[in-house]
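Q: The structure file data-v7.cif (mmCIF, N, CA and C atoms) is provided below.
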data_work
#
loop_
_atom_site.label_atom_id
_atom_site.label_comp_id
_atom_site.auth_asym_id
_atom_site.auth_seq_id
_atom_site.Cartn_x
_atom_site.Cartn_y
_atom_site.Cartn_z
N MET A 1 8.07 -7.23 3.82
CA MET A 1 8.67 -7.65 2.58
C MET A 1 7.99 -6.90 1.44
N ASP A 2 8.79 -6.34 0.61
CA ASP A 2 8.25 -5.47 -0.41
C ASP A 2 8.40 -6.04 -1.82
N PHE A 3 8.51 -7.33 -1.95
CA PHE A 3 8.60 -7.91 -3.29
C PHE A 3 7.25 -8.45 -3.71
N LYS A 4 7.06 -8.58 -5.00
CA LYS A 4 5.81 -9.11 -5.53
C LYS A 4 6.16 -10.16 -6.56
N LEU A 5 5.70 -11.36 -6.32
CA LEU A 5 5.95 -12.44 -7.26
C LEU A 5 5.06 -12.28 -8.48
N LYS A 6 5.57 -12.68 -9.61
CA LYS A 6 4.76 -12.69 -10.83
C LYS A 6 3.92 -13.96 -10.78
N THR A 7 2.65 -13.81 -10.99
CA THR A 7 1.77 -14.96 -10.88
C THR A 7 1.03 -15.17 -12.18
N ASP A 8 -0.05 -14.45 -12.39
CA ASP A 8 -0.86 -14.69 -13.58
C ASP A 8 -0.38 -13.90 -14.80
N ASP A 9 0.69 -13.12 -14.64
CA ASP A 9 1.17 -12.35 -15.78
C ASP A 9 2.50 -12.88 -16.33
N LEU A 10 2.76 -14.16 -16.08
CA LEU A 10 3.96 -14.78 -16.65
C LEU A 10 3.84 -14.83 -18.17
N SER A 11 4.96 -14.70 -18.81
CA SER A 11 4.96 -14.74 -20.28
C SER A 11 4.37 -16.06 -20.77
N PRO A 12 3.54 -16.02 -21.82
CA PRO A 12 2.85 -17.23 -22.27
C PRO A 12 3.77 -18.29 -22.87
N GLY A 13 4.85 -17.89 -23.46
CA GLY A 13 5.73 -18.88 -24.09
C GLY A 13 6.85 -19.28 -23.15
N LEU A 14 7.63 -20.23 -23.59
CA LEU A 14 8.76 -20.65 -22.79
C LEU A 14 10.02 -19.92 -23.24
N GLY A 15 9.86 -18.67 -23.57
CA GLY A 15 10.97 -17.87 -24.06
C GLY A 15 11.80 -17.29 -22.93
N ARG A 16 12.64 -16.38 -23.31
CA ARG A 16 13.59 -15.76 -22.37
C ARG A 16 12.86 -15.02 -21.25
N ASP A 17 11.77 -14.29 -21.57
CA ASP A 17 11.04 -13.54 -20.53
C ASP A 17 10.46 -14.48 -19.48
N PHE A 18 9.91 -15.60 -19.91
CA PHE A 18 9.33 -16.58 -18.99
C PHE A 18 10.42 -17.09 -18.04
N ARG A 19 11.57 -17.43 -18.59
CA ARG A 19 12.69 -17.93 -17.78
C ARG A 19 13.13 -16.85 -16.79
N ASP A 20 13.25 -15.61 -17.25
CA ASP A 20 13.67 -14.51 -16.37
C ASP A 20 12.65 -14.28 -15.26
N ASP A 21 11.36 -14.35 -15.58
CA ASP A 21 10.31 -14.18 -14.57
C ASP A 21 10.39 -15.27 -13.51
N LEU A 22 10.60 -16.50 -13.94
CA LEU A 22 10.72 -17.60 -12.98
C LEU A 22 11.95 -17.43 -12.10
N ILE A 23 13.06 -17.02 -12.69
CA ILE A 23 14.27 -16.80 -11.91
C ILE A 23 14.04 -15.69 -10.88
N ASP A 24 13.37 -14.61 -11.30
CA ASP A 24 13.05 -13.52 -10.36
C ASP A 24 12.18 -14.03 -9.21
N ASN A 25 11.17 -14.84 -9.53
CA ASN A 25 10.31 -15.39 -8.48
C ASN A 25 11.10 -16.23 -7.49
N PHE A 26 11.94 -17.12 -8.01
CA PHE A 26 12.72 -17.98 -7.12
C PHE A 26 13.72 -17.17 -6.30
N THR A 27 14.31 -16.15 -6.91
CA THR A 27 15.25 -15.30 -6.18
C THR A 27 14.55 -14.54 -5.06
N ASN A 28 13.40 -13.95 -5.36
CA ASN A 28 12.63 -13.22 -4.33
C ASN A 28 12.18 -14.15 -3.22
N THR A 29 11.72 -15.34 -3.58
CA THR A 29 11.27 -16.31 -2.57
C THR A 29 12.44 -16.73 -1.68
N GLN A 30 13.57 -17.01 -2.29
CA GLN A 30 14.75 -17.42 -1.53
C GLN A 30 15.20 -16.31 -0.58
N GLU A 31 15.21 -15.07 -1.04
CA GLU A 31 15.60 -13.95 -0.19
C GLU A 31 14.65 -13.81 1.00
N ALA A 32 13.35 -13.94 0.75
CA ALA A 32 12.37 -13.81 1.82
C ALA A 32 12.53 -14.93 2.84
N ILE A 33 12.71 -16.14 2.35
CA ILE A 33 12.90 -17.28 3.26
C ILE A 33 14.17 -17.10 4.08
N ASN A 34 15.25 -16.65 3.44
CA ASN A 34 16.50 -16.44 4.16
C ASN A 34 16.36 -15.36 5.23
N LYS A 35 15.62 -14.29 4.94
CA LYS A 35 15.39 -13.25 5.94
C LYS A 35 14.66 -13.82 7.15
N ILE A 36 13.66 -14.63 6.89
CA ILE A 36 12.88 -15.24 7.98
C ILE A 36 13.77 -16.17 8.79
N ILE A 37 14.55 -17.01 8.12
CA ILE A 37 15.45 -17.93 8.81
C ILE A 37 16.47 -17.18 9.65
N ASN A 38 17.07 -16.13 9.07
CA ASN A 38 18.05 -15.34 9.82
C ASN A 38 17.42 -14.69 11.04
N TRP A 39 16.19 -14.20 10.89
CA TRP A 39 15.51 -13.59 12.03
C TRP A 39 15.24 -14.62 13.12
N LEU A 40 14.77 -15.82 12.70
CA LEU A 40 14.49 -16.88 13.68
C LEU A 40 15.75 -17.37 14.37
N ASP A 41 16.86 -17.40 13.63
CA ASP A 41 18.12 -17.90 14.19
C ASP A 41 18.87 -16.85 15.01
N SER A 42 18.47 -15.60 14.91
CA SER A 42 19.22 -14.54 15.59
C SER A 42 18.91 -14.55 17.08
N ASP A 43 19.82 -13.94 17.82
CA ASP A 43 19.63 -13.80 19.26
C ASP A 43 18.93 -12.49 19.60
N ASP A 44 18.58 -11.72 18.58
CA ASP A 44 17.93 -10.44 18.80
C ASP A 44 16.48 -10.66 19.22
N THR A 45 16.20 -10.33 20.44
CA THR A 45 14.83 -10.47 20.95
C THR A 45 14.21 -9.10 21.22
N SER A 46 14.76 -8.07 20.58
CA SER A 46 14.26 -6.71 20.85
C SER A 46 12.80 -6.55 20.46
N ASP A 47 12.33 -7.32 19.48
CA ASP A 47 10.93 -7.20 19.09
C ASP A 47 10.10 -8.39 19.55
N PHE A 48 10.66 -9.17 20.46
CA PHE A 48 9.97 -10.34 20.97
C PHE A 48 9.00 -9.94 22.08
N VAL A 49 7.80 -10.45 22.02
CA VAL A 49 6.80 -10.20 23.05
C VAL A 49 6.38 -11.54 23.61
N SER A 50 6.57 -11.72 24.90
CA SER A 50 6.19 -12.99 25.52
C SER A 50 4.67 -13.06 25.67
N LYS A 51 4.18 -14.25 25.89
CA LYS A 51 2.75 -14.44 26.09
C LYS A 51 2.29 -13.65 27.32
N GLU A 52 3.10 -13.66 28.36
CA GLU A 52 2.76 -12.94 29.59
C GLU A 52 2.70 -11.44 29.34
N ASP A 53 3.69 -10.93 28.57
CA ASP A 53 3.68 -9.50 28.26
C ASP A 53 2.44 -9.14 27.44
N LEU A 54 2.11 -9.98 26.48
CA LEU A 54 0.93 -9.73 25.65
C LEU A 54 -0.34 -9.75 26.50
N GLU A 55 -0.45 -10.74 27.38
CA GLU A 55 -1.63 -10.80 28.25
C GLU A 55 -1.71 -9.58 29.15
N SER A 56 -0.56 -9.12 29.65
CA SER A 56 -0.53 -7.93 30.49
C SER A 56 -0.98 -6.70 29.71
N MET A 57 -0.48 -6.56 28.47
CA MET A 57 -0.88 -5.42 27.64
C MET A 57 -2.38 -5.46 27.34
N LEU A 58 -2.89 -6.65 27.05
CA LEU A 58 -4.32 -6.78 26.76
C LEU A 58 -5.15 -6.45 27.99
N GLN A 59 -4.69 -6.87 29.17
CA GLN A 59 -5.44 -6.57 30.39
C GLN A 59 -5.44 -5.07 30.66
N LYS A 60 -4.31 -4.40 30.43
CA LYS A 60 -4.26 -2.94 30.60
C LYS A 60 -5.22 -2.26 29.64
N LEU A 61 -5.28 -2.78 28.41
CA LEU A 61 -6.22 -2.22 27.43
C LEU A 61 -7.66 -2.43 27.87
N ARG A 62 -7.98 -3.63 28.36
CA ARG A 62 -9.33 -3.90 28.86
C ARG A 62 -9.69 -2.96 30.02
N ASP A 63 -8.72 -2.79 30.94
CA ASP A 63 -8.96 -1.91 32.09
C ASP A 63 -9.21 -0.48 31.63
N LYS A 64 -8.43 -0.01 30.66
CA LYS A 64 -8.59 1.35 30.13
C LYS A 64 -9.96 1.50 29.49
N ILE A 65 -10.38 0.50 28.70
CA ILE A 65 -11.70 0.55 28.07
C ILE A 65 -12.79 0.57 29.12
N ASP A 66 -12.64 -0.28 30.15
CA ASP A 66 -13.63 -0.31 31.23
C ASP A 66 -13.72 1.03 31.94
N ASP A 67 -12.55 1.64 32.23
CA ASP A 67 -12.53 2.95 32.89
C ASP A 67 -13.20 4.01 32.02
N ASP A 68 -12.86 3.99 30.73
CA ASP A 68 -13.46 4.96 29.81
C ASP A 68 -14.97 4.78 29.73
N ASN A 69 -15.43 3.53 29.68
CA ASN A 69 -16.86 3.27 29.65
C ASN A 69 -17.55 3.75 30.92
N LYS A 70 -16.90 3.53 32.05
CA LYS A 70 -17.47 3.97 33.32
C LYS A 70 -17.60 5.49 33.34
N GLU A 71 -16.53 6.19 32.91
CA GLU A 71 -16.58 7.65 32.86
C GLU A 71 -17.66 8.14 31.91
N LEU A 72 -17.79 7.47 30.77
CA LEU A 72 -18.80 7.86 29.79
C LEU A 72 -20.21 7.66 30.35
N LYS A 73 -20.44 6.53 31.00
CA LYS A 73 -21.75 6.28 31.60
C LYS A 73 -22.07 7.31 32.66
N GLU A 74 -21.08 7.67 33.48
CA GLU A 74 -21.29 8.67 34.52
C GLU A 74 -21.64 10.02 33.89
N ARG A 75 -20.94 10.37 32.81
CA ARG A 75 -21.23 11.65 32.14
C ARG A 75 -22.62 11.63 31.52
N ILE A 76 -22.99 10.52 30.89
CA ILE A 76 -24.33 10.41 30.30
C ILE A 76 -25.39 10.59 31.39
N ASN A 77 -25.17 9.97 32.54
CA ASN A 77 -26.12 10.12 33.64
C ASN A 77 -26.21 11.58 34.11
N ARG A 78 -25.07 12.26 34.19
CA ARG A 78 -25.09 13.69 34.59
C ARG A 78 -25.83 14.52 33.55
N ILE A 79 -25.62 14.22 32.27
CA ILE A 79 -26.32 14.96 31.22
C ILE A 79 -27.82 14.73 31.33
N LEU A 80 -28.21 13.47 31.52
CA LEU A 80 -29.64 13.16 31.63
C LEU A 80 -30.27 13.82 32.85
N LEU A 81 -29.52 13.94 33.92
CA LEU A 81 -30.03 14.57 35.14
C LEU A 81 -29.93 16.09 35.08
N GLY A 82 -29.22 16.61 34.05
CA GLY A 82 -29.08 18.06 33.94
C GLY A 82 -28.05 18.62 34.89
N THR A 83 -27.10 17.81 35.30
CA THR A 83 -26.09 18.28 36.26
C THR A 83 -24.69 18.33 35.68
N ASP A 84 -24.54 18.11 34.37
CA ASP A 84 -23.22 18.14 33.74
C ASP A 84 -22.91 19.57 33.32
N VAL A 85 -22.00 20.22 34.03
CA VAL A 85 -21.70 21.64 33.85
C VAL A 85 -21.23 21.92 32.42
N GLU A 86 -20.35 21.10 31.89
CA GLU A 86 -19.83 21.33 30.55
C GLU A 86 -20.95 21.33 29.51
N SER A 87 -21.85 20.37 29.60
CA SER A 87 -22.97 20.30 28.65
C SER A 87 -23.90 21.49 28.80
N ILE A 88 -24.15 21.88 30.04
CA ILE A 88 -25.04 23.02 30.30
C ILE A 88 -24.45 24.29 29.70
N GLU A 89 -23.14 24.49 29.87
CA GLU A 89 -22.49 25.68 29.32
C GLU A 89 -22.59 25.70 27.79
N ILE A 90 -22.42 24.56 27.15
CA ILE A 90 -22.52 24.49 25.69
C ILE A 90 -23.93 24.84 25.23
N VAL A 91 -24.92 24.26 25.88
CA VAL A 91 -26.32 24.51 25.50
C VAL A 91 -26.69 25.97 25.73
N VAL A 92 -26.29 26.53 26.87
CA VAL A 92 -26.61 27.93 27.17
C VAL A 92 -25.94 28.85 26.14
N ALA A 93 -24.68 28.56 25.80
CA ALA A 93 -23.98 29.37 24.81
C ALA A 93 -24.67 29.31 23.46
N GLN A 94 -25.13 28.13 23.05
CA GLN A 94 -25.85 27.99 21.78
C GLN A 94 -27.15 28.79 21.78
N ILE A 95 -27.86 28.73 22.88
CA ILE A 95 -29.13 29.48 22.99
C ILE A 95 -28.86 30.98 22.93
N LEU A 96 -27.83 31.44 23.64
CA LEU A 96 -27.52 32.85 23.64
C LEU A 96 -27.07 33.32 22.25
N LYS A 97 -26.35 32.49 21.52
CA LYS A 97 -25.94 32.83 20.14
C LYS A 97 -27.17 32.90 19.25
N GLN A 98 -28.08 31.95 19.37
CA GLN A 98 -29.29 31.94 18.55
C GLN A 98 -30.13 33.17 18.79
N ARG A 99 -30.14 33.67 19.99
CA ARG A 99 -30.94 34.83 20.33
C ARG A 99 -30.20 36.14 20.13
N GLY A 100 -28.95 36.04 19.67
CA GLY A 100 -28.17 37.23 19.39
C GLY A 100 -27.58 37.93 20.59
N VAL A 101 -27.60 37.29 21.71
CA VAL A 101 -27.07 37.89 22.94
C VAL A 101 -25.54 37.90 22.91
N ILE A 102 -24.94 36.84 22.35
CA ILE A 102 -23.47 36.77 22.22
C ILE A 102 -23.12 36.39 20.80
N ASP A 103 -21.86 36.64 20.44
CA ASP A 103 -21.38 36.29 19.09
C ASP A 103 -20.76 34.93 19.07
#
Render the structure in this file as structure tokens.
A:
Amino acid sequence: MDFKLKTDDLSPGLGRDFRDDLIDNFTNTQEAINKIINWLDSDDTSDFVSKEDLESMLQKLRDKIDDDNKELKERINRILLGTDVESIEIVVAQILKQRGVID
């Protein structure tokens, strides 16, 4: 919803501007409420997510995080043991650049 109700900037007097601001607020509120009611009353469930679907998505996310953590821990262990080929290549390349052997 992209409307903004007038709150603390209502006109100080009970003049025409104040009345117009109140009418705008009530109109915007009514439109927003009607949109919500129409959405709730509609048969469109294209954006509906069941509790089971949500739990399934969360479990897949947890599994992905667990897998990523496992892979990261394994890589950290290889780095610490000096057996991670990718890390070794990066370090060797940096040393060779520092010594002017390669560009």
Q: How far is it from atom N of Ile88 in chain A to atom C of Arg75 in chain A, in Å with one decimal?
A: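 Here the two named atoms are 10.5 Å from each other.
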Q: When you draw a straight line from CA of Leu58 in chain A to CA of Asp44 in chain A, how long is it in Å?
A: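 Computed distance, CA of Leu58 in chain A to CA of Asp44 in chain A, equals 23.9 Å.
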Q: Have a look at atom N of Asn38 in chain A and atom C of Phe26 in chain A and let me know their distance in Å, one decimal.
A: 15.8 Å
